[in-house]
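K.L.:
protein.txt is the file, holding compact mmCIF, C-alpha atoms:
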```txt
# COMPACT_ATOMS: atom_id res chain seq x y z
CA MET A 1 92.49 145.29 105.89
CA THR A 2 89.62 143.97 103.74
CA THR A 3 87.29 141.18 104.84
CA THR A 4 88.81 138.79 102.29
CA ARG A 5 92.31 139.54 103.56
CA ARG A 6 91.25 138.98 107.19
CA SER A 7 89.65 135.68 106.17
CA GLN A 8 92.85 134.48 104.47
CA VAL A 9 94.95 135.43 107.50
CA ALA A 10 92.51 133.60 109.80
CA TRP A 11 92.67 130.46 107.64
CA ILE A 12 96.50 130.55 107.59
CA ILE A 13 96.70 130.99 111.37
CA GLY A 14 94.19 128.18 111.85
CA ALA A 15 96.17 125.87 109.55
CA ILE A 16 99.42 126.64 111.40
CA LEU A 17 97.79 125.90 114.78
CA ILE A 18 96.38 122.59 113.50
CA LEU A 19 99.78 121.61 112.09
CA LEU A 20 101.47 122.41 115.40
CA TYR A 21 98.82 120.44 117.29
CA THR A 22 99.20 117.35 115.08
CA LEU A 23 102.97 117.40 114.49
CA THR A 24 104.15 118.26 118.01
CA PRO A 25 103.52 114.72 119.41
CA ILE A 26 105.42 113.19 116.46
CA ALA A 27 108.31 115.65 116.89
CA TRP A 28 108.36 114.94 120.64
CA MET A 29 108.39 111.18 119.97
CA ILE A 30 111.33 111.54 117.55
CA SER A 31 113.19 113.74 120.03
CA LEU A 32 112.70 111.19 122.84
CA SER A 33 113.92 108.38 120.58
CA LEU A 34 117.22 110.24 120.04
CA LYS A 35 117.92 110.83 123.75
CA PRO A 36 120.40 108.33 125.25
CA GLY A 37 120.25 107.08 128.85
CA ASP A 38 119.02 109.58 131.44
CA ASP A 39 118.90 112.39 128.87
CA ILE A 40 115.11 111.88 128.69
CA TYR A 41 114.94 113.72 132.06
CA ASN A 42 116.74 116.87 130.81
CA LYS A 43 113.39 118.74 130.57
CA GLN A 44 114.35 120.03 127.13
CA PHE A 45 112.62 119.40 123.86
CA LEU A 46 115.82 118.53 121.97
CA PRO A 47 118.40 115.95 123.11
CA THR A 48 121.60 117.33 124.64
CA ASP A 49 123.49 114.35 123.21
CA TRP A 50 122.07 112.96 119.95
CA SER A 51 122.27 109.18 119.71
CA LEU A 52 120.84 106.24 117.76
CA GLU A 53 121.35 103.91 120.72
CA ASN A 54 117.60 103.40 121.23
CA TYR A 55 117.13 102.31 117.60
CA ARG A 56 119.94 99.77 117.96
CA THR A 57 118.28 98.50 121.16
CA VAL A 58 114.93 98.17 119.39
CA PHE A 59 116.27 96.10 116.52
CA GLN A 60 118.30 93.91 118.89
CA THR A 61 115.14 93.02 120.86
CA ASP A 62 113.40 89.83 119.75
CA LEU A 63 110.04 91.09 121.06
CA PHE A 64 110.08 93.99 118.59
CA THR A 65 111.56 92.21 115.58
CA SER A 66 109.10 89.31 115.85
CA ALA A 67 106.22 91.74 116.34
CA LEU A 68 107.33 93.76 113.31
CA ARG A 69 107.45 90.57 111.24
CA ASN A 70 103.97 89.60 112.49
CA SER A 71 102.51 93.04 111.72
CA ILE A 72 103.92 93.10 108.19
CA GLY A 73 102.81 89.55 107.37
CA ILE A 74 99.34 89.70 108.93
CA SER A 75 98.56 93.14 107.51
CA PHE A 76 99.73 92.19 104.00
CA ILE A 77 97.76 88.93 103.93
CA SER A 78 94.55 90.47 105.29
CA THR A 79 94.92 93.40 102.86
CA ALA A 80 95.43 91.10 99.86
CA PHE A 81 92.36 89.01 100.66
CA SER A 82 90.21 92.06 101.40
CA VAL A 83 91.15 93.92 98.23
CA ILE A 84 90.80 90.91 95.89
CA ILE A 85 87.37 89.94 97.25
CA ALA A 86 86.24 93.57 97.43
CA MET A 87 87.28 94.15 93.81
CA PHE A 88 84.81 91.54 92.51
CA VAL A 89 82.03 92.66 94.88
CA ALA A 90 82.50 96.33 94.02
CA TYR A 91 82.55 95.50 90.30
CA ALA A 92 79.22 93.70 90.64
CA ILE A 93 77.72 96.58 92.60
CA ALA A 94 78.90 99.20 90.12
CA ARG A 95 78.30 97.21 86.91
CA LEU A 96 75.12 95.23 87.55
CA ASP A 97 71.66 96.61 88.10
CA PHE A 98 69.92 94.84 90.96
CA PRO A 99 67.78 95.97 93.89
CA GLY A 100 69.39 96.55 97.27
CA LYS A 101 72.74 97.95 96.10
CA LYS A 102 72.51 100.99 98.36
CA VAL A 103 71.50 98.77 101.28
CA ILE A 104 74.59 96.58 100.73
CA LEU A 105 76.86 99.63 100.70
CA SER A 106 75.19 101.08 103.79
CA VAL A 107 75.56 97.77 105.66
CA ALA A 108 79.21 97.54 104.55
CA LEU A 109 79.91 101.02 105.89
CA ALA A 110 78.08 100.24 109.15
CA ILE A 111 80.15 97.04 109.66
CA ALA A 112 83.38 98.94 108.99
CA MET A 113 82.43 101.38 111.76
CA PHE A 114 81.30 98.65 114.19
CA PRO A 115 82.94 98.98 117.65
CA VAL A 116 85.75 96.42 117.76
CA ILE A 117 85.73 96.07 121.53
CA SER A 118 82.23 94.55 121.48
CA LEU A 119 83.55 91.48 119.60
CA ILE A 120 86.59 90.75 121.75
CA GLY A 121 84.79 88.65 124.38
CA PRO A 122 83.04 86.24 121.96
CA LEU A 123 86.09 86.02 119.70
CA PHE A 124 88.38 85.27 122.65
CA ASP A 125 86.26 82.28 123.75
CA MET A 126 85.65 81.09 120.16
CA TRP A 127 89.31 81.31 119.11
CA ARG A 128 90.47 79.38 122.20
CA ALA A 129 87.88 76.69 121.48
CA VAL A 130 88.85 76.20 117.80
CA GLY A 131 92.61 76.69 118.24
CA LEU A 132 92.96 80.06 116.50
CA PHE A 133 94.05 81.97 119.61
CA ASP A 134 97.58 83.40 119.34
CA THR A 135 97.90 82.56 115.64
CA TRP A 136 98.24 84.65 112.47
CA LEU A 137 94.93 83.30 111.17
CA GLY A 138 93.27 84.34 114.43
CA LEU A 139 94.12 87.97 113.60
CA ILE A 140 93.77 87.79 109.82
CA ILE A 141 90.10 86.76 110.02
CA PRO A 142 88.93 89.72 112.18
CA TYR A 143 91.12 92.11 110.17
CA ILE A 144 89.43 90.94 106.95
CA SER A 145 86.02 91.25 108.61
CA PHE A 146 86.57 94.96 109.13
CA THR A 147 88.71 95.89 106.13
CA LEU A 148 86.57 94.04 103.56
CA PRO A 149 83.45 96.24 104.03
CA LEU A 150 85.62 99.37 103.94
CA SER A 151 87.33 98.10 100.77
CA ILE A 152 83.96 97.38 99.11
CA TRP A 153 82.72 100.87 99.97
CA THR A 154 85.88 102.53 98.64
CA LEU A 155 86.29 100.45 95.49
CA SER A 156 82.64 100.74 94.46
CA ALA A 157 83.15 104.51 94.22
CA PHE A 158 86.16 104.05 91.94
CA PHE A 159 84.42 101.46 89.74
CA ARG A 160 81.45 103.79 89.19
CA GLU A 161 83.80 106.30 87.53
CA ILE A 162 84.97 103.80 84.87
CA PRO A 163 83.41 104.28 81.39
CA TRP A 164 81.74 100.94 80.75
CA GLU A 165 81.71 101.56 76.99
CA MET A 166 85.36 100.45 76.96
CA GLU A 167 84.42 97.06 78.38
CA GLN A 168 81.61 96.73 75.86
CA ALA A 169 83.99 97.68 73.04
CA ALA A 170 86.43 94.96 74.16
CA GLN A 171 83.64 92.38 74.09
CA VAL A 172 82.60 93.56 70.61
CA ASP A 173 86.21 92.94 69.51
CA GLY A 174 85.92 89.35 70.67
CA ALA A 175 87.03 89.42 74.31
CA THR A 176 85.16 87.30 76.82
CA PRO A 177 83.63 89.03 79.88
CA TRP A 178 86.53 87.78 82.03
CA GLN A 179 89.13 88.98 79.49
CA ALA A 180 87.42 92.37 79.27
CA PHE A 181 87.41 92.63 83.06
CA ARG A 182 91.05 91.52 83.43
CA ARG A 183 92.54 93.47 80.50
CA VAL A 184 90.38 96.62 80.47
CA ILE A 185 88.64 97.19 83.80
CA VAL A 186 91.39 96.08 86.17
CA PRO A 187 94.06 98.40 84.66
CA LEU A 188 91.61 101.32 84.77
CA ALA A 189 90.75 100.55 88.40
CA ALA A 190 94.38 100.03 89.43
CA PRO A 191 94.77 103.47 91.12
CA GLY A 192 91.62 102.85 93.16
CA VAL A 193 92.73 99.32 94.07
CA PHE A 194 96.11 100.67 95.19
CA THR A 195 94.45 103.37 97.30
CA THR A 196 92.07 100.84 98.85
CA ALA A 197 95.00 98.54 99.64
CA ILE A 198 96.75 101.38 101.48
CA ILE A 199 93.66 102.14 103.55
CA ALA A 200 93.09 98.43 104.36
CA PHE A 201 96.77 97.97 105.26
CA PHE A 202 96.68 100.95 107.62
CA ALA A 203 93.58 99.51 109.34
CA GLY A 204 95.40 96.26 110.09
CA TRP A 205 98.73 97.91 110.86
CA ASN A 206 97.25 100.25 113.49
CA ASP A 207 95.13 97.62 115.26
CA PHE A 208 95.76 97.32 118.98
CA VAL A 209 92.60 95.82 120.47
CA PHE A 210 92.59 92.56 118.50
CA GLY A 211 96.37 92.26 118.77
CA VAL A 212 96.53 92.58 122.54
CA SER A 213 93.38 90.52 123.22
CA LEU A 214 93.80 87.57 120.83
CA THR A 215 97.50 86.85 121.40
CA SER A 216 99.54 85.74 124.39
CA THR A 217 103.05 85.17 122.98
CA ASP A 218 105.38 86.54 120.30
CA ALA A 219 104.02 83.99 117.82
CA ALA A 220 101.43 86.38 116.43
CA ARG A 221 101.53 89.54 118.55
CA PRO A 222 101.66 92.66 116.28
CA VAL A 223 103.73 95.78 116.98
CA PRO A 224 101.04 98.00 118.58
CA ALA A 225 100.31 95.26 121.12
CA ALA A 226 103.98 94.37 121.60
CA LEU A 227 104.83 97.96 122.58
CA ALA A 228 102.67 97.49 125.68
CA PHE A 229 105.09 94.75 126.82
CA PHE A 230 108.28 96.42 125.65
CA THR A 231 110.92 96.67 128.39
CA GLY A 232 113.80 98.19 126.43
CA ALA A 233 117.42 97.10 126.86
CA SER A 234 117.02 96.20 130.53
CA GLN A 235 114.18 95.68 132.95
CA PHE A 236 115.99 98.00 135.37
CA GLN A 237 115.73 101.02 133.01
CA GLN A 238 112.76 103.10 132.01
CA PRO A 239 111.94 101.98 128.43
CA THR A 240 110.45 105.36 127.48
CA ALA A 241 113.13 106.27 124.90
CA ALA A 242 113.22 102.74 123.46
CA ILE A 243 109.40 102.69 123.12
CA ALA A 244 109.62 106.09 121.39
CA ALA A 245 112.22 104.67 118.96
CA ALA A 246 110.00 101.65 118.24
CA SER A 247 107.03 103.97 117.71
CA VAL A 248 109.04 106.05 115.24
CA VAL A 249 110.03 102.94 113.30
CA VAL A 250 106.39 101.90 112.82
CA THR A 251 104.86 105.38 112.53
CA VAL A 252 107.09 107.52 110.33
CA PRO A 253 106.89 105.26 107.22
CA ILE A 254 103.09 105.30 107.51
CA VAL A 255 103.05 109.09 107.84
CA ILE A 256 105.29 109.46 104.77
CA VAL A 257 103.10 107.13 102.67
CA THR A 258 99.99 108.98 103.83
CA LEU A 259 101.45 112.36 102.87
CA ILE A 260 102.50 111.06 99.42
CA PHE A 261 99.10 109.52 98.63
CA GLN A 262 96.90 111.84 100.71
CA ARG A 263 94.80 113.03 97.76
CA ARG A 264 93.92 109.51 96.65
CA ILE A 265 93.23 108.37 100.22
CA VAL A 266 90.89 111.30 100.86
CA ALA A 267 89.21 110.72 97.49
CA GLY A 268 88.70 107.06 98.32
CA LEU A 269 87.18 107.80 101.70
CA THR A 270 84.88 110.58 100.49
CA SER A 271 83.82 109.73 96.93
CA GLY A 272 81.50 106.96 98.07
CA ALA A 273 79.74 109.31 100.45
CA VAL A 274 79.24 111.89 97.70
CA LYS A 275 78.01 109.57 94.97
CA GLY A 276 76.31 106.97 97.26
```
For the structure just supplied, provide its representation as structure tokens.
P.N.:
Amino acid sequence: MTTTRRSQVAWIIGAILILLYTLTPIAWMISLSLKPGDDIYNKQFLPTDWSLENYRTVFQTDLFTSALRNSIGISFISTAFSVIIAMFVAYAIARLDFPGKKVILSVALAIAMFPVISLIGPLFDMWRAVGLFDTWLGLIIPYISFTLPLSIWTLSAFFREIPWEMEQAAQVDGATPWQAFRRVIVPLAAPGVFTTAIIAFFAGWNDFVFGVSLTSTDAARPVPAALAFFTGASQFQQPTAAIAAASVVVTVPIVIVTLIFQRRIVAGLTSGAVKG
């Protein structure tokens, strides 16, 4: 066997092992969600009696349905604000020539990577004092604080790839700067904006620390935090299978979207680092 052949075999084996390592927990979660009653103790990977009972329990529980509604609403609103603001900031960074552009991008990336847990204490006291504790706005503001820098970093990379001669040509034809931006630049940047929106939405959707620390009732508690309080159909039963079903409901759609748009998501996360 040649060296090239051995290398290909090694890469294939490595890829298979990584896939098994990453997909086994998801497969196990799906299997648990399909096990009714005491079947979760059968010590087998697959259910002995396939059932959708846990999914019916999940959607009949107010704790989960309200949390799902909160997660969708809060994540969509924070994503919309982050992407719209980031679009103008990234356009200015990519289009205008001014000192400190690299510093702004570096600070934006540093803020996006800032440890969330370090802000919980001050935010908890501040939100209780101003009345934002346990409200949608109390979660939307910190979500925007972390997704906005990430959106600026990602969108600036996409805007730098746009040929600015097209904007100049539109202005030569009589378009105002705003019309050129709205009718020429925005359509060209649409794939990048869509990718950035997906990344920002995932950041809000997967949040647990803010959700469990800045809420106390179902009024604003998102799904990741609500799962910590999930009791299933009855407080006298182990809610393991019901929690697995709830996890599948909120995880599988995200996994599918990620697999469909994986190339654009990876490009958005890495292009800024390459072209700095």
K.L.:
Would you mind listing what lies within 9 Å of A:Thr215 as a list of chain:residue names, with only C-alpha atoms counted and same-chain residues fewer than 2 positions away left out?
P.N.:
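My list of contacting residues is A:Phe133, A:Asp134, A:Thr135, A:Gly138, A:Leu139, A:Phe210, A:Gly211, A:Val212, A:Ser213, A:Thr217, A:Asp218, A:Ala219, A:Ala220, A:Arg221, A:Pro222, A:Ala225.
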K.L.:
Between A:Thr195, A:Phe208, A:Phe45, A:Leu150, single out the one closest to A:Ile30, counting all atoms listed in the file.
P.N.:
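With all atoms listed in the file as the atom set, the closest residue is A:Phe45.
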K.L.:
What gap, in Å, lies between atom CA of A:Ala80 and atom CA of A:Leu148?
P.N.:
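Atom CA of A:Ala80 sits 10.0 Å away from atom CA of A:Leu148.
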K.L.:
Excluding same-chain residues fewer than 5 positions from A:Ala244, what lies within 9 Å of it counting only C-alpha atoms, as an MDAnalysis selection string?
P.N.:
chainID A and resid 28:34 54 239 249
K.L.:
Could you dump the residues just selected with C-alpha atoms as a tab-separated table (two decimals), keeping the file's coordinate frame?
P.N.:
```
chain	number	residue	atom	x	y	z
A	28	TRP	CA	108.36	114.94	120.64
A	29	MET	CA	108.39	111.18	119.97
A	30	ILE	CA	111.33	111.54	117.55
A	31	SER	CA	113.19	113.74	120.03
A	32	LEU	CA	112.70	111.19	122.84
A	33	SER	CA	113.92	108.38	120.58
A	34	LEU	CA	117.22	110.24	120.04
A	54	ASN	CA	117.60	103.40	121.23
A	239	PRO	CA	111.94	101.98	128.43
A	249	VAL	CA	110.03	102.94	113.30
```
K.L.:
For A:Ala94, which of A:Arg160, A:Thr258, A:Ile13, A:Pro187 is the closest residue, counting only C-alpha atoms?
P.N.:
A:Arg160
K.L.:
For A:Ala90, which residue out of A:Val186, A:Leu46, A:Ala175, A:Val116 is the nearest one, using all atoms listed in the file?
P.N.:
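Among the listed residues, the smallest separation from A:Ala90 belongs to A:Val186.
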